[in-house]
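Below is protein08.tsv, which holds TSV, N, CA and C atoms and all ligand atoms.
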```
chain	number	residue	atom	x	y	z
A	1	MET	N	0.85	-1.15	0.00
A	1	MET	CA	0.00	0.00	0.00
A	1	MET	C	0.90	1.22	0.00
A	2	ARG	N	0.45	2.22	-0.66
A	2	ARG	CA	1.28	3.40	-0.78
A	2	ARG	C	0.38	4.62	-0.93
A	3	SER	N	0.81	5.71	-0.37
A	3	SER	CA	0.09	6.96	-0.59
A	3	SER	C	1.10	8.04	-0.91
A	4	THR	N	0.65	9.01	-1.66
A	4	THR	CA	1.49	10.11	-2.06
A	4	THR	C	0.76	11.41	-1.77
A	5	THR	N	1.45	12.35	-1.18
A	5	THR	CA	0.85	13.63	-0.85
A	5	THR	C	1.59	14.74	-1.57
A	6	PHE	N	0.85	15.61	-2.20
A	6	PHE	CA	1.43	16.79	-2.83
A	6	PHE	C	1.01	18.00	-2.00
A	7	VAL	N	1.97	18.72	-1.50
A	7	VAL	CA	1.67	19.88	-0.68
A	7	VAL	C	2.30	21.11	-1.33
A	8	LEU	N	1.48	22.09	-1.63
A	8	LEU	CA	1.96	23.35	-2.17
A	8	LEU	C	1.67	24.43	-1.16
A	9	SER	N	2.52	25.39	-1.10
A	9	SER	CA	2.32	26.47	-0.14
A	9	SER	C	2.52	27.82	-0.84
A	10	PRO	N	1.51	28.29	-1.55
A	10	PRO	CA	1.64	29.57	-2.24
A	10	PRO	C	1.46	30.76	-1.30
A	11	ASN	N	1.10	30.50	-0.05
A	11	ASN	CA	0.78	31.59	0.87
A	11	ASN	C	2.03	32.13	1.55
A	12	THR	N	1.98	33.36	1.95
A	12	THR	CA	3.04	33.97	2.75
A	12	THR	C	2.39	34.53	4.00
A	13	PRO	N	2.76	34.08	5.19
A	13	PRO	CA	3.74	33.04	5.46
A	13	PRO	C	3.23	31.67	5.01
A	14	PRO	N	4.15	30.72	4.83
A	14	PRO	CA	3.76	29.40	4.33
A	14	PRO	C	2.74	28.72	5.24
A	15	THR	N	1.80	28.06	4.65
A	15	THR	CA	0.83	27.25	5.39
A	15	THR	C	0.80	25.87	4.75
A	16	ARG	N	0.25	24.93	5.46
A	16	ARG	CA	0.13	23.58	4.90
A	16	ARG	C	-1.20	23.48	4.15
A	17	GLU	N	-1.13	22.99	2.95
A	17	GLU	CA	-2.33	22.83	2.15
A	17	GLU	C	-2.22	21.52	1.38
A	18	ILE	N	-3.16	20.63	1.59
A	18	ILE	CA	-3.16	19.37	0.84
A	18	ILE	C	-3.86	19.65	-0.48
A	19	VAL	N	-3.15	19.44	-1.55
A	19	VAL	CA	-3.70	19.68	-2.87
A	19	VAL	C	-4.30	18.40	-3.43
A	20	GLU	N	-3.60	17.29	-3.21
A	20	GLU	CA	-4.07	16.01	-3.73
A	20	GLU	C	-3.30	14.90	-3.07
A	21	PHE	N	-3.93	13.77	-2.86
A	21	PHE	CA	-3.18	12.59	-2.52
A	21	PHE	C	-3.90	11.37	-3.06
A	22	ASP	N	-3.11	10.38	-3.39
A	22	ASP	CA	-3.63	9.13	-3.94
A	22	ASP	C	-3.24	7.99	-3.02
A	23	VAL	N	-4.10	7.01	-2.92
A	23	VAL	CA	-3.81	5.79	-2.17
A	23	VAL	C	-3.96	4.62	-3.14
A	24	LEU	N	-2.92	3.80	-3.22
A	24	LEU	CA	-2.95	2.63	-4.09
A	24	LEU	C	-3.00	1.38	-3.23
A	25	PHE	N	-3.91	0.48	-3.51
A	25	PHE	CA	-4.04	-0.77	-2.78
A	25	PHE	C	-3.49	-1.90	-3.63
A	26	ASP	N	-2.55	-2.63	-3.05
A	26	ASP	CA	-1.86	-3.72	-3.74
A	26	ASP	C	-2.85	-4.86	-4.00
A	27	THR	N	-3.05	-5.16	-5.29
A	27	THR	CA	-4.02	-6.19	-5.66
A	27	THR	C	-3.50	-7.61	-5.41
A	28	ASN	N	-2.27	-7.73	-4.90
A	28	ASN	CA	-1.78	-9.05	-4.51
A	28	ASN	C	-2.39	-9.51	-3.19
A	29	TYR	N	-3.08	-8.60	-2.49
A	29	TYR	CA	-3.76	-8.94	-1.24
A	29	TYR	C	-5.25	-9.09	-1.50
A	30	ASP	N	-5.91	-9.88	-0.67
A	30	ASP	CA	-7.37	-9.97	-0.70
A	30	ASP	C	-7.91	-8.92	0.25
A	31	TRP	N	-8.79	-8.05	-0.25
A	31	TRP	CA	-9.33	-6.93	0.53
A	31	TRP	C	-10.78	-7.18	0.86
A	32	GLY	N	-11.23	-6.63	1.97
A	32	GLY	CA	-12.63	-6.76	2.33
A	32	GLY	C	-12.89	-6.27	3.73
A	33	ASP	N	-13.96	-6.77	4.32
A	33	ASP	CA	-14.35	-6.43	5.68
A	33	ASP	C	-13.91	-7.58	6.58
A	34	ALA	N	-12.86	-7.34	7.37
A	34	ALA	CA	-12.29	-8.40	8.20
A	34	ALA	C	-13.20	-8.82	9.35
A	35	THR	N	-14.25	-8.02	9.64
A	35	THR	CA	-15.20	-8.46	10.66
A	35	THR	C	-16.10	-9.57	10.10
A	36	VAL	N	-16.16	-9.64	8.78
A	36	VAL	CA	-16.95	-10.69	8.12
A	36	VAL	C	-16.05	-11.86	7.75
A	37	ASP	N	-14.86	-11.55	7.22
A	37	ASP	CA	-13.91	-12.58	6.81
A	37	ASP	C	-12.52	-12.21	7.34
A	38	PRO	N	-12.08	-12.79	8.44
A	38	PRO	CA	-10.81	-12.41	9.06
A	38	PRO	C	-9.57	-12.82	8.26
A	39	THR	N	-9.75	-13.46	7.12
A	39	THR	CA	-8.58	-13.83	6.31
A	39	THR	C	-8.18	-12.71	5.34
A	40	VAL	N	-9.02	-11.66	5.23
A	40	VAL	CA	-8.72	-10.58	4.28
A	40	VAL	C	-8.03	-9.42	4.99
A	41	MET	N	-7.37	-8.57	4.19
A	41	MET	CA	-6.87	-7.29	4.70
A	41	MET	C	-8.08	-6.37	4.77
A	42	ASP	N	-8.29	-5.79	5.95
A	42	ASP	CA	-9.47	-4.96	6.16
A	42	ASP	C	-9.30	-3.61	5.45
A	43	LEU	N	-10.16	-3.35	4.50
A	43	LEU	CA	-10.02	-2.14	3.67
A	43	LEU	C	-10.11	-0.87	4.51
A	44	GLN	N	-11.06	-0.80	5.43
A	44	GLN	CA	-11.21	0.41	6.25
A	44	GLN	C	-9.99	0.60	7.16
A	45	ASN	N	-9.49	-0.50	7.69
A	45	ASN	CA	-8.31	-0.47	8.57
A	45	ASN	C	-7.11	0.14	7.84
A	46	ILE	N	-6.84	-0.36	6.65
A	46	ILE	CA	-5.67	0.11	5.90
A	46	ILE	C	-5.94	1.49	5.31
A	47	ALA	N	-7.16	1.75	4.87
A	47	ALA	CA	-7.46	3.07	4.31
A	47	ALA	C	-7.26	4.17	5.36
A	48	THR	N	-7.68	3.93	6.58
A	48	THR	CA	-7.49	4.93	7.64
A	48	THR	C	-6.01	5.22	7.83
A	49	HIS	N	-5.19	4.18	7.87
A	49	HIS	CA	-3.74	4.34	8.01
A	49	HIS	C	-3.17	5.12	6.82
A	50	GLU	N	-3.55	4.73	5.61
A	50	GLU	CA	-3.00	5.38	4.41
A	50	GLU	C	-3.45	6.84	4.30
A	51	ILE	N	-4.65	7.14	4.71
A	51	ILE	CA	-5.10	8.54	4.71
A	51	ILE	C	-4.28	9.34	5.72
A	52	GLY	N	-3.84	8.68	6.80
A	52	GLY	CA	-2.92	9.33	7.73
A	52	GLY	C	-1.66	9.79	7.01
A	53	HIS	N	-1.13	8.94	6.11
A	53	HIS	CA	0.01	9.37	5.29
A	53	HIS	C	-0.40	10.54	4.40
A	54	GLY	N	-1.61	10.47	3.88
A	54	GLY	CA	-2.09	11.53	2.99
A	54	GLY	C	-2.10	12.90	3.65
A	55	VAL	N	-2.31	12.92	4.96
A	55	VAL	CA	-2.31	14.22	5.65
A	55	VAL	C	-0.94	14.54	6.23
A	56	GLY	N	0.04	13.65	6.00
A	56	GLY	CA	1.42	13.98	6.37
A	56	GLY	C	2.04	13.19	7.50
A	57	LEU	N	1.32	12.21	8.04
A	57	LEU	CA	1.89	11.41	9.13
A	57	LEU	C	2.78	10.31	8.58
A	58	ASP	N	3.83	9.97	9.32
A	58	ASP	CA	4.75	8.90	8.94
A	58	ASP	C	4.38	7.60	9.66
A	59	ASP	N	4.96	6.51	9.18
A	59	ASP	CA	4.83	5.24	9.87
A	59	ASP	C	5.59	5.28	11.19
A	60	ILE	N	5.08	4.53	12.16
A	60	ILE	CA	5.77	4.32	13.44
A	60	ILE	C	6.07	2.83	13.50
A	61	TYR	N	7.33	2.48	13.78
A	61	TYR	CA	7.72	1.06	13.80
A	61	TYR	C	8.10	0.56	15.19
A	62	GLU	N	7.99	1.39	16.21
A	62	GLU	CA	8.33	0.95	17.56
A	62	GLU	C	7.22	0.05	18.08
A	63	SER	N	7.59	-1.15	18.55
A	63	SER	CA	6.59	-2.11	18.99
A	63	SER	C	5.73	-1.58	20.13
A	64	ALA	N	6.27	-0.65	20.92
A	64	ALA	CA	5.49	-0.05	22.01
A	64	ALA	C	4.31	0.75	21.47
A	65	CYS	N	4.35	1.07	20.18
A	65	CYS	CA	3.28	1.86	19.55
A	65	CYS	C	2.40	1.00	18.64
A	66	SER	N	2.35	-0.29	18.88
A	66	SER	CA	1.64	-1.19	17.97
A	66	SER	C	0.13	-0.97	17.93
A	67	GLU	N	-0.41	-0.24	18.89
A	67	GLU	CA	-1.86	0.02	18.91
A	67	GLU	C	-2.21	1.32	18.18
A	68	VAL	N	-1.19	2.06	17.76
A	68	VAL	CA	-1.41	3.35	17.09
A	68	VAL	C	-1.77	3.09	15.63
A	69	THR	N	-2.67	3.88	15.10
A	69	THR	CA	-3.11	3.70	13.70
A	69	THR	C	-1.95	3.84	12.73
A	70	MET	N	-0.98	4.68	13.03
A	70	MET	CA	0.14	4.88	12.12
A	70	MET	C	1.27	3.87	12.35
A	71	TYR	N	1.02	2.83	13.16
A	71	TYR	CA	2.01	1.75	13.29
A	71	TYR	C	2.20	1.15	11.90
A	72	GLY	N	3.45	0.92	11.52
A	72	GLY	CA	3.77	0.58	10.15
A	72	GLY	C	3.53	-0.86	9.72
A	73	TYR	N	3.05	-1.71	10.61
A	73	TYR	CA	2.80	-3.11	10.24
A	73	TYR	C	1.33	-3.44	10.43
A	74	SER	N	0.84	-4.34	9.59
A	74	SER	CA	-0.53	-4.80	9.72
A	74	SER	C	-0.61	-6.25	9.28
A	75	THR	N	-1.69	-6.89	9.61
A	75	THR	CA	-1.91	-8.28	9.21
A	75	THR	C	-3.33	-8.43	8.72
A	76	SER	N	-3.59	-9.51	8.02
A	76	SER	CA	-4.96	-9.78	7.63
A	76	SER	C	-5.79	-10.00	8.90
A	77	GLY	N	-7.01	-9.54	8.84
A	77	GLY	CA	-7.92	-9.66	9.97
A	77	GLY	C	-7.85	-8.52	10.96
A	78	GLU	N	-6.85	-7.65	10.84
A	78	GLU	CA	-6.72	-6.55	11.79
A	78	GLU	C	-7.74	-5.45	11.51
A	79	THR	N	-8.43	-4.97	12.55
A	79	THR	CA	-9.41	-3.89	12.40
A	79	THR	C	-9.16	-2.75	13.38
A	80	LYS	N	-8.16	-2.87	14.25
A	80	LYS	CA	-7.95	-1.86	15.30
A	80	LYS	C	-7.52	-0.50	14.76
A	81	LYS	N	-7.11	-0.42	13.50
A	81	LYS	CA	-6.68	0.85	12.93
A	81	LYS	C	-7.82	1.56	12.19
A	82	ARG	N	-9.03	1.08	12.37
A	82	ARG	CA	-10.16	1.76	11.70
A	82	ARG	C	-10.41	3.14	12.27
A	83	THR	N	-9.97	3.38	13.49
A	83	THR	CA	-10.17	4.67	14.13
A	83	THR	C	-8.81	5.23	14.54
A	84	LEU	N	-8.78	6.52	14.84
A	84	LEU	CA	-7.53	7.16	15.26
A	84	LEU	C	-7.33	6.98	16.76
A	85	THR	N	-6.07	6.88	17.15
A	85	THR	CA	-5.74	6.86	18.57
A	85	THR	C	-5.24	8.25	18.96
A	86	ALA	N	-5.08	8.49	20.24
A	86	ALA	CA	-4.64	9.81	20.73
A	86	ALA	C	-3.31	10.24	20.10
A	87	PRO	N	-2.30	9.37	19.98
A	87	PRO	CA	-1.05	9.81	19.33
A	87	PRO	C	-1.24	10.21	17.86
A	88	ASP	N	-2.14	9.54	17.15
A	88	ASP	CA	-2.42	9.91	15.75
A	88	ASP	C	-3.02	11.32	15.70
A	89	ILE	N	-3.96	11.57	16.58
A	89	ILE	CA	-4.62	12.89	16.63
A	89	ILE	C	-3.62	13.96	17.01
A	90	THR	N	-2.76	13.65	17.98
A	90	THR	CA	-1.73	14.62	18.39
A	90	THR	C	-0.80	14.94	17.22
A	91	GLY	N	-0.45	13.92	16.43
A	91	GLY	CA	0.42	14.14	15.27
A	91	GLY	C	-0.21	15.09	14.27
A	92	VAL	N	-1.48	14.91	13.99
A	92	VAL	CA	-2.17	15.81	13.04
A	92	VAL	C	-2.25	17.22	13.61
A	93	GLN	N	-2.52	17.31	14.91
A	93	GLN	CA	-2.59	18.64	15.53
A	93	GLN	C	-1.23	19.34	15.48
A	94	LYS	N	-0.14	18.58	15.61
A	94	LYS	CA	1.20	19.19	15.53
A	94	LYS	C	1.45	19.72	14.12
A	95	LEU	N	0.95	19.00	13.11
A	95	LEU	CA	1.17	19.43	11.73
A	95	LEU	C	0.31	20.63	11.36
A	96	TYR	N	-0.93	20.65	11.82
A	96	TYR	CA	-1.88	21.65	11.34
A	96	TYR	C	-2.35	22.62	12.41
A	97	GLY	N	-1.87	22.43	13.62
A	97	GLY	CA	-2.30	23.30	14.71
A	97	GLY	C	-3.45	22.67	15.46
A	98	GLY	N	-3.47	22.89	16.76
A	98	GLY	CA	-4.53	22.35	17.60
A	98	GLY	C	-5.83	23.09	17.35
A	99	PHE	N	-6.91	22.43	17.70
A	99	PHE	CA	-8.22	23.08	17.60
A	99	PHE	C	-9.11	22.58	18.68
B	1	ZN	ZN	2.20	3.34	6.50
```
Please express what this file holds, its structure, as structure tokens.
Amino acid sequence: MRSTTFVLSPNTPPTREIVEFDVLFDTNYDWGDATVDPTVMDLQNIATHEIGHGVGLDDIYESACSEVTMYGYSTSGETKKRTLTAPDITGVQKLYGGF
């Protein structure tokens, strides 16, 4: 899975602006709803993670962060990344400002 983000900043002072991002799903995997079929890669689970990349978040590979949506590893049947965790939200707030 891969996502690409294009960020342009025509403003002065510079601001973050997402112009476009694409998410590509590897067709070598079986995709679906893992709550129905735990042998598939859960589309919502992975899409939430990849959209995190789309807004500028990086993967986290520390095992202590395995419950975080931006944790860089996943398995078929996993659904825990369908929602954001507090560290994911904090990361977005750091990039775009708290609200
Ligand atoms: Zn990732």
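When only N, CA and C atoms and all ligand atoms are used to compute distances to ligand ZN 1 (chain B), the closest of the residues A:Leu84, A:Ile89, A:Leu57, A:Ala64 turns out to be A:Leu57.
Rounded to one decimal, CA of Lys81 in chain A and CA of Asn45 in chain A lie 4.8 Å from each other.
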All residues having an atom within 12 Å of ligand ZN 1 (chain B) (only C-alpha atoms and all ligand atoms) as a PyMOL selection string: chain A and resi 1-4+23-25+45-61+68-74+81
query: Quick one: DSSP alpha helix (DSSP H) residues in chain A, as JSON, numbers by chain?
result: {"A": [43, 44, 45, 46, 47, 48, 49, 50, 51, 52, 53, 54, 86, 87, 88, 89, 90, 91, 92, 93, 94, 95, 96]}
field: Atomic distance CA of Cys65 in chain A - CA of Asp88 in chain A, expressed in Å with one decimal
entry: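 It comes out at 10.6 Å.
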